[in-house]
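> For reference, the file run_10.cif (mmCIF, C-alpha atoms and all ligand atoms) is included below:
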data_my_file
loop_
_atom_site.label_atom_id
_atom_site.label_comp_id
_atom_site.auth_asym_id
_atom_site.auth_seq_id
_atom_site.Cartn_x
_atom_site.Cartn_y
_atom_site.Cartn_z
CA MET B 6 -9.65 20.90 17.59
CA GLY B 7 -11.90 18.73 15.43
CA LYS B 8 -10.67 15.91 13.26
CA ASP B 9 -10.71 16.60 9.53
CA VAL B 10 -10.06 15.00 6.16
CA ILE B 11 -7.55 16.77 3.90
CA ILE B 12 -7.71 16.01 0.17
CA ALA B 13 -4.27 16.04 -1.51
CA LEU B 14 -4.72 18.06 -4.72
CA ASP B 15 -1.95 16.24 -6.58
CA PHE B 16 -2.84 17.66 -9.99
CA PRO B 17 -0.30 19.16 -12.40
CA SER B 18 -2.28 22.30 -13.25
CA ALA B 19 -4.62 24.84 -11.69
CA ASN B 20 -7.34 24.13 -14.26
CA GLU B 21 -7.49 20.48 -13.25
CA VAL B 22 -7.75 21.55 -9.61
CA TYR B 23 -10.62 23.94 -10.32
CA ALA B 24 -12.47 21.32 -12.42
CA PHE B 25 -12.07 18.85 -9.54
CA LEU B 26 -13.22 21.35 -6.90
CA ASP B 27 -16.23 22.38 -9.04
CA ARG B 28 -17.63 18.93 -8.25
CA PHE B 29 -17.85 19.95 -4.59
CA GLY B 30 -19.80 23.13 -5.42
CA GLY B 31 -23.02 21.78 -3.93
CA GLU B 32 -21.41 20.55 -0.70
CA SER B 33 -22.10 22.48 2.49
CA ARG B 34 -18.77 21.21 3.86
CA LYS B 35 -15.97 22.56 1.64
CA PRO B 36 -13.09 20.08 1.86
CA PHE B 37 -9.80 21.04 3.52
CA VAL B 38 -7.23 20.59 0.73
CA LYS B 39 -3.47 20.13 0.42
CA ILE B 40 -1.41 21.96 -2.20
CA GLY B 41 2.04 20.49 -2.74
CA MET B 42 5.22 21.56 -4.46
CA GLU B 43 4.33 20.40 -7.97
CA LEU B 44 1.15 22.45 -8.16
CA PHE B 45 2.59 25.43 -6.29
CA TYR B 46 5.64 25.63 -8.54
CA ALA B 47 3.50 25.19 -11.66
CA ALA B 48 0.61 27.48 -10.80
CA GLY B 49 2.08 29.85 -8.21
CA ALA B 50 0.47 31.67 -5.33
CA GLU B 51 -2.64 32.48 -7.37
CA VAL B 52 -3.86 28.89 -7.07
CA VAL B 53 -3.79 29.27 -3.28
CA ARG B 54 -5.71 32.54 -3.43
CA GLU B 55 -8.36 31.06 -5.76
CA VAL B 56 -8.83 27.91 -3.67
CA LYS B 57 -9.21 30.11 -0.57
CA ARG B 58 -11.71 32.33 -2.42
CA ARG B 59 -13.72 29.17 -3.08
CA GLY B 60 -13.98 28.66 0.65
CA HIS B 61 -11.51 25.81 1.25
CA LYS B 62 -8.97 25.57 4.03
CA VAL B 63 -5.48 25.05 2.60
CA PHE B 64 -2.52 23.00 3.83
CA LEU B 65 0.55 24.28 1.96
CA ASP B 66 2.81 21.24 1.82
CA LEU B 67 6.03 22.99 0.77
CA LYS B 68 8.38 21.45 3.38
CA LEU B 69 10.66 24.43 3.94
CA HIS B 70 14.27 23.82 5.02
CA ASP B 71 16.77 26.70 4.91
CA ILE B 72 18.55 29.12 7.23
CA PRO B 73 16.25 30.55 9.94
CA ASN B 74 16.02 34.04 8.47
CA THR B 75 15.04 32.79 5.00
CA VAL B 76 12.46 30.39 6.43
CA LYS B 77 11.01 33.14 8.64
CA ARG B 78 10.58 35.54 5.72
CA SER B 79 9.20 32.84 3.41
CA MET B 80 6.71 31.67 6.04
CA SER B 81 5.53 35.24 6.41
CA VAL B 82 4.69 35.25 2.68
CA LEU B 83 2.78 31.95 2.99
CA SER B 84 0.90 33.24 6.02
CA GLY B 85 -0.08 36.30 3.95
CA LEU B 86 -1.70 33.93 1.44
CA ASP B 87 -4.02 32.96 4.28
CA ALA B 88 -2.82 29.35 4.39
CA ASP B 89 -4.36 27.34 7.24
CA MET B 90 -1.49 24.87 7.67
CA CYS B 91 2.18 24.95 6.57
CA ASN B 92 5.09 22.60 7.08
CA LEU B 93 8.87 22.35 7.25
CA HIS B 94 11.61 19.78 7.84
CA ALA B 95 12.35 19.32 11.55
CA GLY B 96 15.91 18.50 10.37
CA GLY B 97 16.41 22.26 9.97
CA GLY B 98 16.70 22.44 13.76
CA SER B 99 15.03 24.34 16.61
CA ALA B 100 16.22 27.80 15.61
CA MET B 101 14.73 27.36 12.14
CA MET B 102 11.44 26.06 13.55
CA LYS B 103 11.14 28.94 16.03
CA ALA B 104 11.95 31.44 13.28
CA ALA B 105 9.24 29.85 11.11
CA LEU B 106 6.66 30.35 13.86
CA LYS B 107 7.61 34.02 14.14
CA GLY B 108 7.34 34.47 10.39
CA LEU B 109 3.92 32.83 10.28
CA THR B 110 2.43 34.99 13.05
CA ARG B 111 0.24 37.73 11.59
CA ALA B 112 -0.18 41.24 12.98
CA ASP B 113 -3.40 40.18 14.76
CA GLY B 114 -1.59 37.29 16.49
CA SER B 115 -3.24 34.55 14.37
CA ARG B 116 -1.16 32.10 12.32
CA PRO B 117 -1.48 28.93 10.24
CA LEU B 118 -0.83 25.64 12.02
CA LEU B 119 2.81 24.58 11.64
CA ILE B 120 3.55 20.90 11.14
CA ALA B 121 6.98 19.22 10.97
CA VAL B 122 8.16 16.49 8.65
CA THR B 123 10.44 14.19 10.68
CA GLN B 124 12.23 11.72 8.42
CA LEU B 125 10.67 11.24 4.98
CA THR B 126 9.06 7.83 4.58
CA SER B 127 11.29 7.36 1.52
CA THR B 128 14.38 7.46 3.77
CA SER B 129 15.37 4.00 4.98
CA GLU B 130 17.37 3.27 8.10
CA GLU B 131 20.21 2.16 5.83
CA VAL B 132 20.26 5.50 3.99
CA MET B 133 20.07 7.33 7.32
CA HIS B 134 23.11 5.42 8.63
CA ASN B 135 25.22 5.22 5.48
CA GLU B 136 24.45 8.51 3.74
CA LEU B 137 23.25 10.90 6.43
CA TRP B 138 25.51 9.44 9.12
CA ILE B 139 22.68 9.38 11.66
CA ASP B 140 23.53 6.33 13.77
CA ARG B 141 20.36 6.05 15.85
CA PRO B 142 17.50 3.74 14.84
CA LEU B 143 14.98 5.30 12.45
CA ASP B 144 11.99 5.13 14.83
CA GLU B 145 14.00 6.79 17.65
CA THR B 146 15.10 9.52 15.25
CA VAL B 147 11.52 10.15 14.17
CA MET B 148 10.36 10.46 17.79
CA HIS B 149 13.31 12.68 18.65
CA TYR B 150 12.48 15.04 15.76
CA ALA B 151 8.83 15.08 16.89
CA SER B 152 9.93 16.12 20.41
CA LEU B 153 12.21 18.77 18.98
CA ALA B 154 9.27 20.16 16.99
CA ALA B 155 6.99 20.11 20.04
CA ASP B 156 9.62 21.84 22.18
CA ALA B 157 10.06 24.53 19.51
CA GLY B 158 6.32 25.25 19.80
CA LEU B 159 5.11 23.59 16.59
CA ASP B 160 1.59 22.18 16.39
CA GLY B 161 2.30 18.67 15.18
CA VAL B 162 3.99 16.28 12.76
CA VAL B 163 3.26 14.37 9.61
CA CYS B 164 3.40 10.66 10.44
CA SER B 165 1.74 7.32 9.78
CA PRO B 166 -1.53 6.68 11.63
CA LEU B 167 0.34 3.68 13.04
CA GLU B 168 2.68 6.13 14.83
CA ALA B 169 -0.03 8.57 16.01
CA GLY B 170 -0.40 6.95 19.43
CA LYS B 171 3.34 6.99 20.10
CA VAL B 172 3.61 10.65 19.03
CA HIS B 173 0.73 11.63 21.32
CA GLU B 174 2.28 9.70 24.19
CA ARG B 175 5.61 11.44 23.76
CA CYS B 176 4.48 14.95 22.77
CA GLY B 177 1.02 15.26 24.33
CA LYS B 178 -2.53 14.69 23.19
CA LYS B 179 -2.86 18.18 21.73
CA PHE B 180 0.19 17.74 19.48
CA LEU B 181 -1.36 17.07 16.07
CA THR B 182 -0.76 14.02 13.93
CA VAL B 183 -1.35 14.62 10.22
CA THR B 184 -1.41 11.24 8.57
CA PRO B 185 -1.19 10.13 4.92
CA GLY B 186 -1.20 6.49 3.74
CA ILE B 187 -4.99 6.14 3.79
CA ARG B 188 -6.90 3.58 1.73
CA PHE B 189 -10.43 2.16 1.86
CA ASP B 190 -10.43 -1.51 2.81
CA ASP B 191 -11.84 -2.51 -0.59
CA ALA B 192 -9.26 -0.61 -2.70
CA SER B 193 -5.74 -1.08 -4.04
CA LYS B 194 -2.80 0.41 -2.12
CA GLY B 195 -1.08 2.02 -5.13
CA ASP B 196 2.53 2.80 -4.21
CA GLN B 197 1.81 3.17 -0.48
CA VAL B 198 3.18 0.34 1.65
CA ARG B 199 1.75 0.73 5.14
CA VAL B 200 -1.87 1.78 4.73
CA THR B 201 -4.76 2.35 7.10
CA THR B 202 -8.48 2.92 6.51
CA PRO B 203 -10.05 6.24 7.61
CA ALA B 204 -11.92 4.39 10.38
CA LYS B 205 -8.71 2.74 11.63
CA ALA B 206 -6.87 6.10 11.54
CA ARG B 207 -9.61 7.54 13.77
CA GLU B 208 -9.26 4.61 16.15
CA LEU B 209 -5.48 5.09 16.28
CA GLY B 210 -5.86 8.76 17.21
CA SER B 211 -4.93 10.62 14.00
CA ASP B 212 -6.03 14.24 14.04
CA TYR B 213 -6.06 14.81 10.27
CA ILE B 214 -5.95 12.27 7.48
CA VAL B 215 -4.42 13.25 4.13
CA VAL B 216 -6.16 11.41 1.30
CA GLY B 217 -5.13 11.66 -2.34
CA ARG B 218 -5.99 9.07 -4.96
CA PRO B 219 -8.78 7.30 -3.05
CA VAL B 220 -10.72 10.56 -3.57
CA THR B 221 -9.10 12.26 -6.60
CA ALA B 222 -9.10 9.11 -8.74
CA ALA B 223 -12.50 7.83 -7.59
CA GLU B 224 -15.32 7.56 -10.08
CA ASP B 225 -17.38 9.71 -7.72
CA PRO B 226 -14.93 11.88 -5.72
CA VAL B 227 -17.68 13.58 -3.72
CA ALA B 228 -19.03 10.21 -2.56
CA ALA B 229 -15.48 9.03 -1.74
CA TYR B 230 -14.84 12.21 0.25
CA ARG B 231 -18.12 11.79 2.13
CA ARG B 232 -17.16 8.23 2.93
CA CYS B 233 -13.84 9.43 4.38
CA VAL B 234 -15.62 12.04 6.50
CA ALA B 235 -18.19 9.52 7.70
CA GLU B 236 -15.52 6.97 8.65
CA PHE B 237 -12.98 9.39 10.11
CA CYS B 238 -15.03 12.20 11.62
CA GLY B 239 -18.05 10.07 12.44
CA GLU B 240 -20.41 12.50 10.65
O1 LIG M 1 -2.71 9.41 -3.27
P1 LIG M 1 -2.29 9.22 -1.83
O2 LIG M 1 -3.46 9.08 -0.88
O3 LIG M 1 -1.24 8.15 -1.66
O4 LIG M 1 -1.62 10.64 -1.46
C1 LIG M 1 -1.03 10.88 -0.21
C2 LIG M 1 -0.49 12.29 -0.15
O5 LIG M 1 0.25 12.43 1.05
C3 LIG M 1 0.46 12.66 -1.29
O6 LIG M 1 0.32 14.06 -1.55
C4 LIG M 1 1.82 12.35 -0.72
O7 LIG M 1 2.84 13.10 -1.27
C5 LIG M 1 1.62 12.73 0.76
N1 LIG M 1 2.54 12.04 1.69
C6 LIG M 1 2.62 10.66 1.82
N2 LIG M 1 3.50 10.09 2.71
C7 LIG M 1 4.29 10.86 3.45
C8 LIG M 1 4.23 12.25 3.35
C9 LIG M 1 3.34 12.80 2.45
O8 LIG M 1 1.89 9.95 1.15
N3 LIG M 1 5.10 10.30 4.32
#
Would you mind writing the file out in structure tokens?


Amino acid sequence: MGKDVIIALDFPSANEVYAFLDRFGGESRKPFVKIGMELFYAAGAEVVREVKRRGHKVFLDLKLHDIPNTVKRSMSVLSGLDADMCNLHAGGGSAMMKAALKGLTRADGSRPLLIAVTQLTSTSEEVMHNELWIDRPLDETVMHYASLAADAGLDGVVCSPLEAGKVHERCGKKFLTVTPGIRFDDASKGDQVRVTTPAKARELGSDYIVVGRPVTAAEDPVAAYRRCVAEFCGE
């Protein structure tokens, strides 16, 4: 599977998304894009259909976490939207993850990639210990959840590029690492703490980088996207 750059479409409305994507109209390579909860809840499934009609691959970042039957049926709906990648919380357990895979599988046997969120980067070790009552160290918990996802048959995890090597070591080279926290070396970090350039993410073994503001807030988003592709995919 080739490496790719995923642009996070963190816009509040469908119209802003379409205006942004119009700028890529002349590109032969239509960017792979990520649609998150804010946009999905605001604009609904139609935004996914329209972005797909425009020829983009879509990562639906909706992080499902519910009882297995509900997740299975919901994933089946998302698969019907022709999403290319979906995700869920590994904390829902193996039965939920296996049910999600079943729900995603279409009649012809194809399905979107399924990626697990391990522990959110906003969860500190202190919160994990004191609120969630998970006594193990945070990094061990993250790796354990990654293994659980791999054993359930999922395709990969969301993680930092700095963890990509460890994830591949533990779960195999083919287990995908989808990595946010990307910044160009000449730009500000924004609210991200641990950041990596696209070139460094490639070096560290990331399979997909998720890039938001360095592209969406750039003066020339198409040029910024091309720069990501050049650095990360080597094209
Ligand atoms: O604008 P920026 O490049 O920081 O956007 C990164 C994207 O990746 C956002 O959509 C953010 O929600 C998502 N993300 C993240 N860190 C995680 C998981 C997801 O930045 N641990």

> If we count all atoms listed in the file and set the cut-off at 12 Å, which residues sit around B:Arg34, ignoring sequence neighbours fewer than 3 positions away in its own chain? Please answer as a short mmCIF file (atom, residue, chain, number, x, y, z; two decimals) with C-alpha atoms, in the frame of the given file.


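Writing done, so here's result_29.cif:
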data_model
loop_
_atom_site.label_atom_id
_atom_site.label_comp_id
_atom_site.auth_asym_id
_atom_site.auth_seq_id
_atom_site.Cartn_x
_atom_site.Cartn_y
_atom_site.Cartn_z
CA ASP B 9 -10.71 16.60 9.53
CA VAL B 10 -10.06 15.00 6.16
CA PHE B 29 -17.85 19.95 -4.59
CA GLY B 30 -19.80 23.13 -5.42
CA GLY B 31 -23.02 21.78 -3.93
CA PHE B 37 -9.80 21.04 3.52
CA VAL B 38 -7.23 20.59 0.73
CA ARG B 59 -13.72 29.17 -3.08
CA GLY B 60 -13.98 28.66 0.65
CA HIS B 61 -11.51 25.81 1.25
CA LYS B 62 -8.97 25.57 4.03
CA VAL B 227 -17.68 13.58 -3.72
CA TYR B 230 -14.84 12.21 0.25
CA ARG B 231 -18.12 11.79 2.13
CA VAL B 234 -15.62 12.04 6.50
CA GLU B 240 -20.41 12.50 10.65
#

> Skipping near chain neighbours, those fewer than 3 positions away, what residues fall within 10 Å of B:Leu83 using only C-alpha atoms, listed as a list in words?

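Neighbouring residues, sequence-local ones excluded: Ala50, Val53, Leu65, Leu67, Arg78, Ser79, Met80, Leu86, Asp87, Ala88, Asp89, Met90, Cys91, Gly108, Leu109 and Pro117 of chain B.
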
> Please report the interatomic distance between atom CA of B:Thr126 and atom N2 of ligand LIG 1 (chain M) in Å with one decimal.

6.3 Å

> What lies within 9 Å of B:Leu209 using all atoms listed in the file, ignoring chain neighbours under 4 positions off, as a PyMOL selection string?

chain B and resi 166-170+204-205

> Return as number ranges by chain every polymer residue, whether protein, DNA or RNA, with at least one atom no more than 10 Å from an atom of ligand LIG 1 (chain M); count all atoms listed in the file.

B: 11-16, 39-43, 66, 122-128, 163-165, 183-188, 194-200, 214-222

> Give the centre and edge lengths of an axis-aligned box, in Å to one decimal, that holds all listed atoms of stretch 97-107 of chain B with 6 Å on each side, as JSON.


{"center_x": 11.7, "center_y": 28.1, "center_z": 13.3, "size_x": 22.0, "size_y": 23.8, "size_z": 18.6}

> Take atom CA of B:Lys77 and atom CA of B:Ala100 and report the distance between them in Å, one decimal.

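Straight-line distance from atom CA of B:Lys77 to atom CA of B:Ala100 works out to 10.2 Å.
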
> Closest to B:Thr182 among B:His149, B:Pro142, B:Leu118, B:Ile72, using only C-alpha atoms?

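Of B:His149, B:Pro142, B:Leu118, B:Ile72, the one nearest B:Thr182 is B:Leu118, counting only C-alpha atoms.
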
> What gap, in Å, lies between atom CA of B:Tyr150 and atom CA of B:Ala95?

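That distance, rounded to one decimal, is 6.0 Å.
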
> For B:Asn20, which of B:Lys8, B:Phe180, B:Asp156, B:Ala48 is the closest residue, counting all atoms listed in the file?

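The closest residue to B:Asn20 is B:Ala48.
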
> Hey, what's within 7 Å of B:His70 if we count all atoms listed in the file and toss same-chain stuff fewer than 3 positions away? As number ranges by chain, please?

B: 76, 93-94, 97

> Tell me which of B:Ala206, B:Ala223, B:Met102, B:Ala155 sits closest to B:Glu236, counting only C-alpha atoms.

B:Ala206

> Name the closest residue to B:Ala104 among the candidates B:Thr75, B:Ser84, B:Thr201, B:Asn92; distances are taken between atoms, counting all atoms listed in the file.

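Looking only at the distances to B:Ala104, the closest residue turns out to be B:Thr75.
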
> N, CA and C atoms for stretch 145-157 of chain B, written as a JSON list (two decimals), in the frame of the given file, could you do that?


[["chain", "number", "residue", "atom", "x", "y", "z"],
["B", 145, "GLU", "N", 13.56, 5.87, 16.57],
["B", 145, "GLU", "CA", 14.00, 6.79, 17.65],
["B", 145, "GLU", "C", 14.24, 8.19, 17.09],
["B", 146, "THR", "N", 14.81, 8.22, 15.88],
["B", 146, "THR", "CA", 15.10, 9.52, 15.25],
["B", 146, "THR", "C", 13.81, 10.26, 14.97],
["B", 147, "VAL", "N", 12.82, 9.54, 14.47],
["B", 147, "VAL", "CA", 11.52, 10.15, 14.17],
["B", 147, "VAL", "C", 10.91, 10.74, 15.45],
["B", 148, "MET", "N", 10.94, 9.97, 16.53],
["B", 148, "MET", "CA", 10.36, 10.46, 17.79],
["B", 148, "MET", "C", 11.16, 11.63, 18.36],
["B", 149, "HIS", "N", 12.47, 11.57, 18.18],
["B", 149, "HIS", "CA", 13.31, 12.68, 18.65],
["B", 149, "HIS", "C", 12.97, 13.97, 17.89],
["B", 150, "TYR", "N", 12.82, 13.87, 16.57],
["B", 150, "TYR", "CA", 12.48, 15.04, 15.76],
["B", 150, "TYR", "C", 11.09, 15.57, 16.14],
["B", 151, "ALA", "N", 10.18, 14.66, 16.47],
["B", 151, "ALA", "CA", 8.83, 15.08, 16.89],
["B", 151, "ALA", "C", 8.93, 15.88, 18.19],
["B", 152, "SER", "N", 9.74, 15.39, 19.13],
["B", 152, "SER", "CA", 9.93, 16.12, 20.41],
["B", 152, "SER", "C", 10.55, 17.48, 20.18],
["B", 153, "LEU", "N", 11.54, 17.51, 19.30],
["B", 153, "LEU", "CA", 12.21, 18.77, 18.98],
["B", 153, "LEU", "C", 11.19, 19.78, 18.44],
["B", 154, "ALA", "N", 10.30, 19.29, 17.58],
["B", 154, "ALA", "CA", 9.27, 20.16, 16.99],
["B", 154, "ALA", "C", 8.31, 20.64, 18.08],
["B", 155, "ALA", "N", 7.91, 19.74, 18.96],
["B", 155, "ALA", "CA", 6.99, 20.11, 20.04],
["B", 155, "ALA", "C", 7.65, 21.14, 20.95],
["B", 156, "ASP", "N", 8.92, 20.92, 21.29],
["B", 156, "ASP", "CA", 9.62, 21.84, 22.18],
["B", 156, "ASP", "C", 9.80, 23.22, 21.54],
["B", 157, "ALA", "N", 9.91, 23.24, 20.21],
["B", 157, "ALA", "CA", 10.06, 24.53, 19.51],
["B", 157, "ALA", "C", 8.73, 25.26, 19.42]]
